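The file my_file_36.pdb comes next; it holds PDB, C-alpha atoms.
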ATOM      1  CA  MET A   1     103.750 144.057 -45.956  1.00  0.00           C
ATOM      2  CA  PRO A   2     106.119 146.710 -47.309  1.00  0.00           C
ATOM      3  CA  THR A   3     109.661 146.668 -45.967  1.00  0.00           C
ATOM      4  CA  VAL A   4     109.515 150.449 -45.469  1.00  0.00           C
ATOM      5  CA  ARG A   5     106.872 152.699 -43.909  1.00  0.00           C
ATOM      6  CA  LEU A   6     105.084 154.369 -46.789  1.00  0.00           C
ATOM      7  CA  ARG A   7     104.732 158.026 -45.855  1.00  0.00           C
ATOM      8  CA  GLU A   8     101.428 159.828 -46.182  1.00  0.00           C
ATOM      9  CA  ALA A   9     101.381 162.378 -48.986  1.00  0.00           C
ATOM     10  CA  ALA A  10     101.339 165.179 -46.400  1.00  0.00           C
ATOM     11  CA  GLU A  11     104.720 164.038 -45.069  1.00  0.00           C
ATOM     12  CA  TYR A  12     106.434 164.933 -48.344  1.00  0.00           C
ATOM     13  CA  PRO A  13     107.989 168.317 -49.238  1.00  0.00           C
ATOM     14  CA  PRO A  14     106.466 170.612 -51.909  1.00  0.00           C
ATOM     15  CA  GLU A  15     108.835 169.353 -54.610  1.00  0.00           C
ATOM     16  CA  ALA A  16     107.494 165.831 -54.143  1.00  0.00           C
ATOM     17  CA  GLN A  17     103.887 167.051 -54.006  1.00  0.00           C
ATOM     18  CA  ARG A  18     104.376 168.158 -57.586  1.00  0.00           C
ATOM     19  CA  LEU A  19     105.211 164.581 -58.560  1.00  0.00           C
ATOM     20  CA  PHE A  20     101.954 163.452 -56.945  1.00  0.00           C
ATOM     21  CA  GLU A  21     100.017 165.964 -59.026  1.00  0.00           C
ATOM     22  CA  LEU A  22     101.745 164.707 -62.176  1.00  0.00           C
ATOM     23  CA  SER A  23     100.892 161.125 -61.200  1.00  0.00           C
ATOM     24  CA  LYS A  24      97.236 162.042 -60.644  1.00  0.00           C
ATOM     25  CA  ALA A  25      97.089 163.737 -64.037  1.00  0.00           C
ATOM     26  CA  TRP A  26      98.831 160.801 -65.721  1.00  0.00           C
ATOM     27  CA  PHE A  27      96.302 158.268 -64.432  1.00  0.00           C
ATOM     28  CA  ASN A  28      93.397 160.724 -64.667  1.00  0.00           C
ATOM     29  CA  HIS A  29      92.238 159.275 -61.376  1.00  0.00           C
ATOM     30  CA  ASP A  30      91.805 160.822 -57.964  1.00  0.00           C
ATOM     31  CA  PHE A  31      93.484 158.424 -55.552  1.00  0.00           C
ATOM     32  CA  GLY A  32      92.757 158.918 -51.856  1.00  0.00           C
ATOM     33  CA  GLN A  33      96.489 158.723 -51.281  1.00  0.00           C
ATOM     34  CA  PRO A  34      99.003 158.694 -54.135  1.00  0.00           C
ATOM     35  CA  PRO A  35      99.724 155.060 -55.148  1.00  0.00           C
ATOM     36  CA  ALA A  36     102.499 153.378 -53.195  1.00  0.00           C
ATOM     37  CA  MET A  37     104.812 153.468 -56.211  1.00  0.00           C
ATOM     38  CA  SER A  38     104.305 157.223 -56.616  1.00  0.00           C
ATOM     39  CA  ARG A  39     105.211 157.742 -52.967  1.00  0.00           C
ATOM     40  CA  VAL A  40     108.274 155.533 -53.334  1.00  0.00           C
ATOM     41  CA  MET A  41     109.433 157.420 -56.409  1.00  0.00           C
ATOM     42  CA  ALA A  42     108.850 160.769 -54.705  1.00  0.00           C
ATOM     43  CA  TRP A  43     111.206 159.821 -51.854  1.00  0.00           C
ATOM     44  CA  ASP A  44     114.140 160.993 -53.981  1.00  0.00           C
ATOM     45  CA  PRO A  45     112.927 163.376 -56.721  1.00  0.00           C
ATOM     46  CA  GLU A  46     116.381 163.336 -58.301  1.00  0.00           C
ATOM     47  CA  PHE A  47     115.732 159.642 -59.059  1.00  0.00           C
ATOM     48  CA  GLY A  48     111.957 159.618 -59.316  1.00  0.00           C
ATOM     49  CA  GLY A  49     111.795 162.685 -61.566  1.00  0.00           C
ATOM     50  CA  PRO A  50     113.923 161.424 -64.458  1.00  0.00           C
ATOM     51  CA  HIS A  51     112.639 157.863 -63.997  1.00  0.00           C
ATOM     52  CA  GLY A  52     109.077 159.151 -64.319  1.00  0.00           C
ATOM     53  CA  ARG A  53     109.957 161.240 -67.371  1.00  0.00           C
ATOM     54  CA  ALA A  54     111.549 158.212 -69.055  1.00  0.00           C
ATOM     55  CA  MET A  55     108.409 156.184 -68.266  1.00  0.00           C
ATOM     56  CA  LYS A  56     106.124 158.871 -69.680  1.00  0.00           C
ATOM     57  CA  ARG A  57     108.245 159.168 -72.814  1.00  0.00           C
ATOM     58  CA  ALA A  58     108.112 155.394 -73.271  1.00  0.00           C
ATOM     59  CA  MET A  59     104.363 155.240 -72.609  1.00  0.00           C
ATOM     60  CA  SER A  60     103.314 158.200 -74.767  1.00  0.00           C
ATOM     61  CA  PRO A  61     101.402 157.390 -77.963  1.00  0.00           C
ATOM     62  CA  GLY A  62     103.599 156.763 -80.984  1.00  0.00           C
ATOM     63  CA  GLU A  63     103.529 153.752 -83.258  1.00  0.00           C
ATOM     64  CA  PHE A  64     101.682 152.052 -80.397  1.00  0.00           C
ATOM     65  CA  THR A  65      98.827 153.600 -78.429  1.00  0.00           C
ATOM     66  CA  ARG A  66      98.997 154.286 -74.704  1.00  0.00           C
ATOM     67  CA  ALA A  67      96.490 151.468 -74.132  1.00  0.00           C
ATOM     68  CA  GLU A  68      98.610 149.000 -76.100  1.00  0.00           C
ATOM     69  CA  LYS A  69     101.639 150.050 -74.087  1.00  0.00           C
ATOM     70  CA  GLU A  70      99.764 149.583 -70.812  1.00  0.00           C
ATOM     71  CA  MET A  71      99.120 146.036 -71.955  1.00  0.00           C
ATOM     72  CA  VAL A  72     102.821 145.535 -72.724  1.00  0.00           C
ATOM     73  CA  ALA A  73     103.620 146.874 -69.245  1.00  0.00           C
ATOM     74  CA  ALA A  74     101.170 144.376 -67.713  1.00  0.00           C
ATOM     75  CA  ALA A  75     102.799 141.568 -69.708  1.00  0.00           C
ATOM     76  CA  VAL A  76     106.238 142.614 -68.440  1.00  0.00           C
ATOM     77  CA  SER A  77     104.898 142.618 -64.878  1.00  0.00           C
ATOM     78  CA  GLY A  78     103.333 139.196 -65.419  1.00  0.00           C
ATOM     79  CA  ALA A  79     106.546 137.784 -66.874  1.00  0.00           C
ATOM     80  CA  SER A  80     108.415 139.192 -63.882  1.00  0.00           C
ATOM     81  CA  ALA A  81     105.870 137.597 -61.511  1.00  0.00           C
ATOM     82  CA  CYS A  82     105.352 140.998 -59.906  1.00  0.00           C
ATOM     83  CA  GLU A  83     102.128 141.205 -57.907  1.00  0.00           C
ATOM     84  CA  TYR A  84     102.194 145.002 -57.640  1.00  0.00           C
TER      85      TYR A  84
ATOM     86  CA  MET B   1      90.864 148.134 -75.342  1.00  0.00           C
ATOM     87  CA  THR B   2      88.113 147.839 -72.737  1.00  0.00           C
ATOM     88  CA  GLY B   3      86.652 144.673 -71.261  1.00  0.00           C
ATOM     89  CA  ASP B   4      88.339 141.487 -70.156  1.00  0.00           C
ATOM     90  CA  ALA B   5      88.546 139.750 -73.551  1.00  0.00           C
ATOM     91  CA  VAL B   6      91.688 141.574 -74.666  1.00  0.00           C
ATOM     92  CA  TRP B   7      93.370 140.731 -71.356  1.00  0.00           C
ATOM     93  CA  TYR B   8      92.587 137.041 -71.790  1.00  0.00           C
ATOM     94  CA  GLU B   9      94.189 137.251 -75.231  1.00  0.00           C
ATOM     95  CA  ALA B  10      97.239 139.037 -73.828  1.00  0.00           C
ATOM     96  CA  ALA B  11      97.622 136.406 -71.098  1.00  0.00           C
ATOM     97  CA  GLN B  12      97.523 133.639 -73.718  1.00  0.00           C
ATOM     98  CA  VAL B  13     100.349 135.355 -75.625  1.00  0.00           C
ATOM     99  CA  VAL B  14     102.430 135.772 -72.459  1.00  0.00           C
ATOM    100  CA  GLY B  15     101.934 132.131 -71.507  1.00  0.00           C
ATOM    101  CA  ILE B  16     102.576 130.463 -74.844  1.00  0.00           C
ATOM    102  CA  THR B  17     105.522 132.753 -75.612  1.00  0.00           C
ATOM    103  CA  ASN B  18     107.156 131.701 -72.376  1.00  0.00           C
ATOM    104  CA  ALA B  19     106.433 128.042 -73.142  1.00  0.00           C
ATOM    105  CA  LEU B  20     107.993 128.266 -76.600  1.00  0.00           C
ATOM    106  CA  ASN B  21     111.006 130.183 -75.303  1.00  0.00           C
ATOM    107  CA  VAL B  22     111.641 127.548 -72.617  1.00  0.00           C
ATOM    108  CA  ALA B  23     112.022 124.960 -75.379  1.00  0.00           C
ATOM    109  CA  ALA B  24     113.888 127.171 -77.836  1.00  0.00           C
ATOM    110  CA  ASP B  25     116.451 128.372 -75.287  1.00  0.00           C
ATOM    111  CA  ALA B  26     117.059 125.209 -73.309  1.00  0.00           C
ATOM    112  CA  LEU B  27     116.195 122.142 -75.367  1.00  0.00           C
ATOM    113  CA  GLY B  28     119.016 122.311 -77.897  1.00  0.00           C
ATOM    114  CA  ALA B  29     120.550 119.106 -76.564  1.00  0.00           C
ATOM    115  CA  LEU B  30     117.493 117.233 -77.796  1.00  0.00           C
ATOM    116  CA  GLY B  31     118.303 118.124 -81.394  1.00  0.00           C
ATOM    117  CA  MET B  32     115.917 119.628 -83.933  1.00  0.00           C
ATOM    118  CA  VAL B  33     113.678 117.484 -86.105  1.00  0.00           C
ATOM    119  CA  GLU B  34     114.888 117.662 -89.700  1.00  0.00           C
ATOM    120  CA  GLU B  35     112.013 118.045 -92.109  1.00  0.00           C
ATOM    121  CA  ALA B  36     113.499 115.607 -94.604  1.00  0.00           C
ATOM    122  CA  ASP B  37     113.485 112.842 -91.996  1.00  0.00           C
ATOM    123  CA  ALA B  38     110.089 113.739 -90.509  1.00  0.00           C
ATOM    124  CA  PRO B  39     106.844 111.789 -90.935  1.00  0.00           C
ATOM    125  CA  PRO B  40     104.119 113.255 -93.188  1.00  0.00           C
ATOM    126  CA  GLU B  41     102.102 114.743 -90.299  1.00  0.00           C
ATOM    127  CA  THR B  42     105.158 116.654 -89.079  1.00  0.00           C
ATOM    128  CA  ARG B  43     105.941 117.929 -92.567  1.00  0.00           C
ATOM    129  CA  ALA B  44     102.341 119.127 -92.856  1.00  0.00           C
ATOM    130  CA  LEU B  45     102.629 120.825 -89.470  1.00  0.00           C
ATOM    131  CA  PHE B  46     105.850 122.556 -90.473  1.00  0.00           C
ATOM    132  CA  ALA B  47     104.246 123.723 -93.732  1.00  0.00           C
ATOM    133  CA  GLU B  48     101.370 125.271 -91.773  1.00  0.00           C
ATOM    134  CA  ILE B  49     103.774 127.015 -89.388  1.00  0.00           C
ATOM    135  CA  ARG B  50     105.860 128.396 -92.271  1.00  0.00           C
ATOM    136  CA  ALA B  51     102.703 129.700 -93.949  1.00  0.00           C
ATOM    137  CA  PHE B  52     101.550 131.433 -90.760  1.00  0.00           C
ATOM    138  CA  TYR B  53     104.879 133.196 -90.367  1.00  0.00           C
ATOM    139  CA  GLU B  54     105.408 133.664 -94.127  1.00  0.00           C
ATOM    140  CA  SER B  55     108.907 132.337 -93.582  1.00  0.00           C
ATOM    141  CA  PRO B  56     111.002 129.550 -95.110  1.00  0.00           C
ATOM    142  CA  GLU B  57     112.076 128.596 -91.569  1.00  0.00           C
ATOM    143  CA  VAL B  58     110.145 126.840 -88.833  1.00  0.00           C
ATOM    144  CA  PRO B  59     110.849 128.479 -85.449  1.00  0.00           C
ATOM    145  CA  PRO B  60     113.296 126.348 -83.419  1.00  0.00           C
ATOM    146  CA  ALA B  61     110.831 125.666 -80.592  1.00  0.00           C
ATOM    147  CA  PHE B  62     108.558 123.677 -82.900  1.00  0.00           C
ATOM    148  CA  ARG B  63     111.429 121.737 -84.461  1.00  0.00           C
ATOM    149  CA  LEU B  64     112.597 120.815 -80.960  1.00  0.00           C
ATOM    150  CA  ILE B  65     109.231 119.561 -79.707  1.00  0.00           C
ATOM    151  CA  ALA B  66     108.308 117.834 -82.982  1.00  0.00           C
ATOM    152  CA  HIS B  67     109.909 114.616 -81.696  1.00  0.00           C
ATOM    153  CA  ASP B  68     106.329 114.019 -80.460  1.00  0.00           C
ATOM    154  CA  PRO B  69     104.239 115.070 -83.491  1.00  0.00           C
ATOM    155  CA  ALA B  70     100.884 114.951 -81.698  1.00  0.00           C
ATOM    156  CA  TYR B  71     102.186 117.081 -78.834  1.00  0.00           C
ATOM    157  CA  ALA B  72     103.760 119.572 -81.251  1.00  0.00           C
ATOM    158  CA  ALA B  73     100.488 119.797 -83.193  1.00  0.00           C
ATOM    159  CA  ASP B  74      98.551 120.710 -80.056  1.00  0.00           C
ATOM    160  CA  VAL B  75     101.146 123.261 -78.938  1.00  0.00           C
ATOM    161  CA  TRP B  76     101.040 124.786 -82.413  1.00  0.00           C
ATOM    162  CA  ALA B  77      97.213 124.905 -82.410  1.00  0.00           C
ATOM    163  CA  ALA B  78      97.320 126.822 -79.111  1.00  0.00           C
ATOM    164  CA  ALA B  79     100.109 129.105 -80.354  1.00  0.00           C
ATOM    165  CA  ARG B  80      98.320 129.833 -83.629  1.00  0.00           C
ATOM    166  CA  ARG B  81      95.162 130.718 -81.725  1.00  0.00           C
ATOM    167  CA  ALA B  82      97.102 132.951 -79.333  1.00  0.00           C
ATOM    168  CA  TYR B  83      99.096 134.832 -81.992  1.00  0.00           C
ATOM    169  CA  ALA B  84      96.385 135.200 -84.646  1.00  0.00           C
ATOM    170  CA  ASP B  85      94.515 138.445 -85.246  1.00  0.00           C
ATOM    171  CA  ASN B  86      91.539 138.624 -82.935  1.00  0.00           C
ATOM    172  CA  ARG B  87      90.472 141.497 -80.686  1.00  0.00           C
ATOM    173  CA  LEU B  88      94.171 142.225 -80.361  1.00  0.00           C
ATOM    174  CA  SER B  89      96.048 142.533 -83.643  1.00  0.00           C
ATOM    175  CA  ARG B  90      98.888 140.223 -84.514  1.00  0.00           C
ATOM    176  CA  ARG B  91     101.155 143.278 -84.466  1.00  0.00           C
ATOM    177  CA  VAL B  92     100.284 144.039 -80.823  1.00  0.00           C
ATOM    178  CA  LYS B  93     100.590 140.388 -79.891  1.00  0.00           C
ATOM    179  CA  GLU B  94     104.097 140.260 -81.346  1.00  0.00           C
ATOM    180  CA  ALA B  95     104.964 143.364 -79.320  1.00  0.00           C
ATOM    181  CA  LEU B  96     103.746 141.559 -76.190  1.00  0.00           C
ATOM    182  CA  ALA B  97     105.759 138.461 -77.101  1.00  0.00           C
ATOM    183  CA  PHE B  98     108.855 140.578 -77.742  1.00  0.00           C
ATOM    184  CA  ALA B  99     108.466 142.300 -74.348  1.00  0.00           C
ATOM    185  CA  VAL B 100     107.998 138.972 -72.559  1.00  0.00           C
ATOM    186  CA  SER B 101     111.027 137.475 -74.324  1.00  0.00           C
ATOM    187  CA  LEU B 102     113.173 140.474 -73.459  1.00  0.00           C
ATOM    188  CA  THR B 103     111.990 140.420 -69.842  1.00  0.00           C
ATOM    189  CA  THR B 104     112.748 136.725 -69.438  1.00  0.00           C
ATOM    190  CA  ARG B 105     116.126 137.089 -71.195  1.00  0.00           C
ATOM    191  CA  SER B 106     115.188 134.704 -73.957  1.00  0.00           C
ATOM    192  CA  GLY B 107     117.678 135.425 -76.732  1.00  0.00           C
ATOM    193  CA  THR B 108     115.858 133.135 -79.151  1.00  0.00           C
ATOM    194  CA  GLY B 109     112.444 134.594 -78.399  1.00  0.00           C
ATOM    195  CA  THR B 110     113.677 138.181 -78.469  1.00  0.00           C
ATOM    196  CA  ALA B 111     115.280 137.733 -81.892  1.00  0.00           C
ATOM    197  CA  PHE B 112     112.284 135.870 -83.295  1.00  0.00           C
ATOM    198  CA  HIS B 113     109.613 138.314 -82.117  1.00  0.00           C
ATOM    199  CA  LEU B 114     111.748 141.316 -83.081  1.00  0.00           C
ATOM    200  CA  GLY B 115     111.802 139.864 -86.593  1.00  0.00           C
ATOM    201  CA  GLU B 116     108.044 139.326 -86.508  1.00  0.00           C
ATOM    202  CA  MET B 117     107.397 142.887 -85.341  1.00  0.00           C
ATOM    203  CA  ARG B 118     109.473 144.214 -88.245  1.00  0.00           C
ATOM    204  CA  ARG B 119     107.766 141.882 -90.716  1.00  0.00           C
ATOM    205  CA  LEU B 120     104.390 143.143 -89.534  1.00  0.00           C
ATOM    206  CA  GLY B 121     105.400 146.744 -90.156  1.00  0.00           C
ATOM    207  CA  VAL B 122     106.643 148.040 -86.813  1.00  0.00           C
ATOM    208  CA  GLY B 123     109.373 150.613 -87.411  1.00  0.00           C
ATOM    209  CA  SER B 124     112.480 151.367 -85.386  1.00  0.00           C
ATOM    210  CA  ARG B 125     110.574 153.996 -83.384  1.00  0.00           C
ATOM    211  CA  GLY B 126     107.896 151.483 -82.468  1.00  0.00           C
ATOM    212  CA  ILE B 127     110.494 148.915 -81.483  1.00  0.00           C
ATOM    213  CA  MET B 128     112.195 151.435 -79.198  1.00  0.00           C
ATOM    214  CA  GLU B 129     108.786 152.259 -77.698  1.00  0.00           C
ATOM    215  CA  ILE B 130     108.360 148.621 -76.676  1.00  0.00           C
ATOM    216  CA  VAL B 131     111.974 148.443 -75.457  1.00  0.00           C
ATOM    217  CA  GLY B 132     111.312 151.563 -73.357  1.00  0.00           C
ATOM    218  CA  VAL B 133     108.102 150.203 -71.820  1.00  0.00           C
ATOM    219  CA  THR B 134     109.789 146.860 -71.114  1.00  0.00           C
ATOM    220  CA  GLN B 135     112.817 148.484 -69.545  1.00  0.00           C
ATOM    221  CA  MET B 136     110.902 150.971 -67.390  1.00  0.00           C
ATOM    222  CA  PHE B 137     108.450 148.392 -66.088  1.00  0.00           C
ATOM    223  CA  SER B 138     111.307 145.979 -65.418  1.00  0.00           C
ATOM    224  CA  SER B 139     112.543 148.742 -63.133  1.00  0.00           C
ATOM    225  CA  TYR B 140     109.153 149.409 -61.484  1.00  0.00           C
ATOM    226  CA  THR B 141     108.520 145.712 -60.848  1.00  0.00           C
ATOM    227  CA  LYS B 142     111.901 145.231 -59.180  1.00  0.00           C
ATOM    228  CA  ILE B 143     111.434 148.324 -57.023  1.00  0.00           C
ATOM    229  CA  ALA B 144     107.978 147.063 -56.016  1.00  0.00           C
ATOM    230  CA  ASP B 145     109.339 143.592 -55.238  1.00  0.00           C
ATOM    231  CA  THR B 146     112.295 144.897 -53.261  1.00  0.00           C
ATOM    232  CA  LEU B 147     110.024 147.007 -51.064  1.00  0.00           C
ATOM    233  CA  GLN B 148     107.264 144.346 -51.106  1.00  0.00           C
ATOM    234  CA  LEU B 149     104.652 146.881 -52.150  1.00  0.00           C
ATOM    235  CA  GLU B 150     101.059 145.683 -52.107  1.00  0.00           C
ATOM    236  CA  PRO B 151      98.763 146.257 -55.129  1.00  0.00           C
ATOM    237  CA  ASP B 152      96.792 149.477 -54.674  1.00  0.00           C
ATOM    238  CA  MET B 153      95.708 150.439 -58.173  1.00  0.00           C
ATOM    239  CA  GLY B 154      93.181 147.698 -58.866  1.00  0.00           C
ATOM    240  CA  ASP B 155      90.202 150.065 -58.955  1.00  0.00           C
ATOM    241  CA  LEU B 156      91.540 152.074 -61.913  1.00  0.00           C
ATOM    242  CA  ALA B 157      89.485 150.021 -64.388  1.00  0.00           C
ATOM    243  CA  PRO B 158      85.817 149.050 -63.986  1.00  0.00           C
ATOM    244  CA  GLU B 159      84.819 145.388 -63.651  1.00  0.00           C
ATOM    245  CA  ASP B 160      83.647 143.739 -66.882  1.00  0.00           C
ATOM    246  CA  PRO B 161      80.140 142.295 -66.183  1.00  0.00           C
ATOM    247  CA  THR B 162      79.881 140.256 -69.398  1.00  0.00           C
ATOM    248  CA  PRO B 163      79.804 136.421 -69.177  1.00  0.00           C
ATOM    249  CA  ALA B 164      82.415 134.010 -70.493  1.00  0.00           C
ATOM    250  CA  PRO B 165      82.158 133.455 -74.281  1.00  0.00           C
ATOM    251  CA  GLY B 166      78.917 131.594 -74.939  1.00  0.00           C
ATOM    252  CA  GLY B 167      77.842 131.766 -71.315  1.00  0.00           C
ATOM    253  CA  PRO B 168      74.578 133.149 -69.881  1.00  0.00           C
ATOM    254  CA  THR B 169      74.372 136.744 -68.730  1.00  0.00           C
ATOM    255  CA  ARG B 170      74.327 136.910 -64.945  1.00  0.00           C
TER     256      ARG B 170
END
Represent the structure contained in this file as structure tokens.
Amino acid sequence: MPTVRLREAAEYPPEAQRLFELSKAWFNHDFGQPPAMSRVMAWDPEFGGPHGRAMKRAMSPGEFTRAEKEMVAAAVSGASACEY
Amino acid sequence: MTGDAVWYEAAQVVGITNALNVAADALGALGMVEEADAPPETRALFAEIRAFYESPEVPPAFRLIAHDPAYAADVWAAARRAYADNRLSRRVKEALAFAVSLTTRSGTGTAFHLGEMRRLGVGSRGIMEIVGVTQMFSSYTKIADTLQLEPDMGDLAPEDPTPAPGGPTR
């Protein structure tokens, strides 16, 4: 169980709602509620904004495809024993 | 990159990379097997490993576990299968191994797989791409762990209905 109460999307200010829209577009998936991580990162847009931009820059196609990078991300999560 | 087969391959790379790094980083006290003193089966094994990596050197992990030649041969057979071109290219597999080594702070593994990525044609931009993905997801995983977030993105990809290799269709 999370150590914090994850707020519903509606509890966030307009600035954070924009981050949810970006997240939806990034995953090309209509979540019922934004994923928990998106809501965590939207708590402080001054942190979540640049962190998300760095992630998108890292994940964008380059020498490796987005799909290959998603696999690298999964490997990093596996090596970190992170269930999320 | 659809279907489960590529994920099985990726998991093999993550597992065997970690296994090799455990030996390479922590087994130094055991001492490396010197090829000149090794029995014929170990010399043959080392020759095969050098050919696979197109390198005059045998990676330290194999020289450390070669004190038991039969064990080393089996570990190598699994490693060769995991790292070889298959549905995932060797280039992508080395990127996975590099990311795992970096994540687990394996200096030996990081240096080795960085060298392999370069040998297989990955440029400095590509290397920084993998560094970026590794670093950002090291951040996300720690944030998720700290807040004990529960997985909620499992339905992003469809289930793969195909059977195990060689198995009957259900």
Residues within 8 Å of (116.0, 130.8, -76.3), counting all atoms listed in the file, listed as a PyMOL selection string: chain B and resi 21-26+106-109
What are the closest atom pairs, with distances in Å to one decimal, for each residue of chain B lying within 7 Å of chain A, using all atoms listed in the file, rows by chain and rising residue number, as JSON lines?
{"residue": "B:Met1", "atom": "CA", "partner": "A:Ala67", "partner_atom": "CA", "distance": 6.7}
{"residue": "B:Val14", "atom": "CA", "partner": "A:Ala75", "partner_atom": "CA", "distance": 6.4}
{"residue": "B:Leu96", "atom": "CA", "partner": "A:Val72", "partner_atom": "CA", "distance": 5.4}
{"residue": "B:Ala99", "atom": "CA", "partner": "A:Val76", "partner_atom": "CA", "distance": 6.3}
{"residue": "B:Val100", "atom": "CA", "partner": "A:Val76", "partner_atom": "CA", "distance": 5.8}
{"residue": "B:Thr103", "atom": "CA", "partner": "A:Val76", "partner_atom": "CA", "distance": 6.3}
{"residue": "B:Thr104", "atom": "CA", "partner": "A:Ala79", "partner_atom": "CA", "distance": 6.8}
{"residue": "B:Gly126", "atom": "CA", "partner": "A:Glu63", "partner_atom": "CA", "distance": 5.0}
{"residue": "B:Glu129", "atom": "CA", "partner": "A:Ala58", "partner_atom": "CA", "distance": 5.5}
{"residue": "B:Gly132", "atom": "CA", "partner": "A:Ala58", "partner_atom": "CA", "distance": 5.0}
{"residue": "B:Val133", "atom": "CA", "partner": "A:Ala58", "partner_atom": "CA", "distance": 5.4}
{"residue": "B:Thr134", "atom": "CA", "partner": "A:Val76", "partner_atom": "CA", "distance": 6.1}
{"residue": "B:Met136", "atom": "CA", "partner": "A:Met55", "partner_atom": "CA", "distance": 5.8}
{"residue": "B:Phe137", "atom": "CA", "partner": "A:Ala73", "partner_atom": "CA", "distance": 6.0}
{"residue": "B:Ser138", "atom": "CA", "partner": "A:Val76", "partner_atom": "CA", "distance": 6.8}
{"residue": "B:Thr141", "atom": "CA", "partner": "A:Cys82", "partner_atom": "CA", "distance": 5.8}
{"residue": "B:Ala144", "atom": "CA", "partner": "A:Tyr84", "partner_atom": "CA", "distance": 6.4}
{"residue": "B:Asp145", "atom": "CA", "partner": "A:Cys82", "partner_atom": "CA", "distance": 6.7}
{"residue": "B:Leu147", "atom": "CA", "partner": "A:Thr3", "partner_atom": "CA", "distance": 5.1}
{"residue": "B:Gln148", "atom": "CA", "partner": "A:Pro2", "partner_atom": "CA", "distance": 4.6}
{"residue": "B:Leu149", "atom": "CA", "partner": "A:Pro2", "partner_atom": "CA", "distance": 5.1}
{"residue": "B:Glu150", "atom": "CA", "partner": "A:Tyr84", "partner_atom": "CA", "distance": 5.7}
{"residue": "B:Pro151", "atom": "CA", "partner": "A:Tyr84", "partner_atom": "CA", "distance": 4.4}
{"residue": "B:Asp152", "atom": "CA", "partner": "A:Pro35", "partner_atom": "CA", "distance": 6.3}
{"residue": "B:Met153", "atom": "CA", "partner": "A:Pro35", "partner_atom": "CA", "distance": 6.8}
Just C-alpha atoms for this one: save the residues we selected as an mmCIF file, in the frame of the given file.
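Result written to part.cif:
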data_model
loop_
_atom_site.group_PDB
_atom_site.id
_atom_site.type_symbol
_atom_site.label_atom_id
_atom_site.label_comp_id
_atom_site.auth_asym_id
_atom_site.auth_seq_id
_atom_site.Cartn_x
_atom_site.Cartn_y
_atom_site.Cartn_z
ATOM 1 C CA MET B 1 90.864 148.134 -75.342
ATOM 2 C CA VAL B 14 102.430 135.772 -72.459
ATOM 3 C CA LEU B 96 103.746 141.559 -76.190
ATOM 4 C CA ALA B 99 108.466 142.300 -74.348
ATOM 5 C CA VAL B 100 107.998 138.972 -72.559
ATOM 6 C CA THR B 103 111.990 140.420 -69.842
ATOM 7 C CA THR B 104 112.748 136.725 -69.438
ATOM 8 C CA GLY B 126 107.896 151.483 -82.468
ATOM 9 C CA GLU B 129 108.786 152.259 -77.698
ATOM 10 C CA GLY B 132 111.312 151.563 -73.357
ATOM 11 C CA VAL B 133 108.102 150.203 -71.820
ATOM 12 C CA THR B 134 109.789 146.860 -71.114
ATOM 13 C CA MET B 136 110.902 150.971 -67.390
ATOM 14 C CA PHE B 137 108.450 148.392 -66.088
ATOM 15 C CA SER B 138 111.307 145.979 -65.418
ATOM 16 C CA THR B 141 108.520 145.712 -60.848
ATOM 17 C CA ALA B 144 107.978 147.063 -56.016
ATOM 18 C CA ASP B 145 109.339 143.592 -55.238
ATOM 19 C CA LEU B 147 110.024 147.007 -51.064
ATOM 20 C CA GLN B 148 107.264 144.346 -51.106
ATOM 21 C CA LEU B 149 104.652 146.881 -52.150
ATOM 22 C CA GLU B 150 101.059 145.683 -52.107
ATOM 23 C CA PRO B 151 98.763 146.257 -55.129
ATOM 24 C CA ASP B 152 96.792 149.477 -54.674
ATOM 25 C CA MET B 153 95.708 150.439 -58.173
#
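Computed from the coordinates, the CA of Ser89 in chain B to CA of Leu45 in chain B distance equals 23.4 Å.
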Expected selection from the PyMOL selection byres ((chain B and resi 61) around 7), given as a PyMOL selection string: chain B and resi 20-21+23-24+59-60+62-65
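Straight-line separation from CA of Glu116 in chain B to CA of Glu94 in chain B: 6.6 Å.
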Write out as lines of an AutoDock Vina configuration file an axis-aligned box for range 51-61 of chain A: all of its atoms listed in the file, 8 Å added on each side, centre and edge lengths in Å with one decimal.
center_x = 107.0
center_y = 158.2
center_z = -71.0
size_x = 27.2
size_y = 22.0
size_z = 30.0
Residue nearest Gly48 in chain A among B:Asn86, B:Asp74, B:Tyr140, B:Leu114 (counting only C-alpha atoms): B:Tyr140
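The interatomic distance for the pair CA of Ala164 in chain B and CA of Ser101 in chain B works out to 29.1 Å.
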Residue among A:Arg66, A:Tyr12, A:Arg7, A:Ala42 lying closest to Trp26 in chain A, counting only C-alpha atoms: A:Arg66
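Nearest-residue note for Leu88 in chain B: choosing from B:Glu48, B:Glu9, B:Asp4, B:Glu159, the minimum distance belongs to B:Glu9, counting all atoms listed in the file.
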Within-7 Å shell of (87.1, 148.4, -67.3) in input frame, only C-alpha atoms, as a list in words: Thr2, Gly3, Ala157, Pro158, Glu159 and Asp160 of chain B
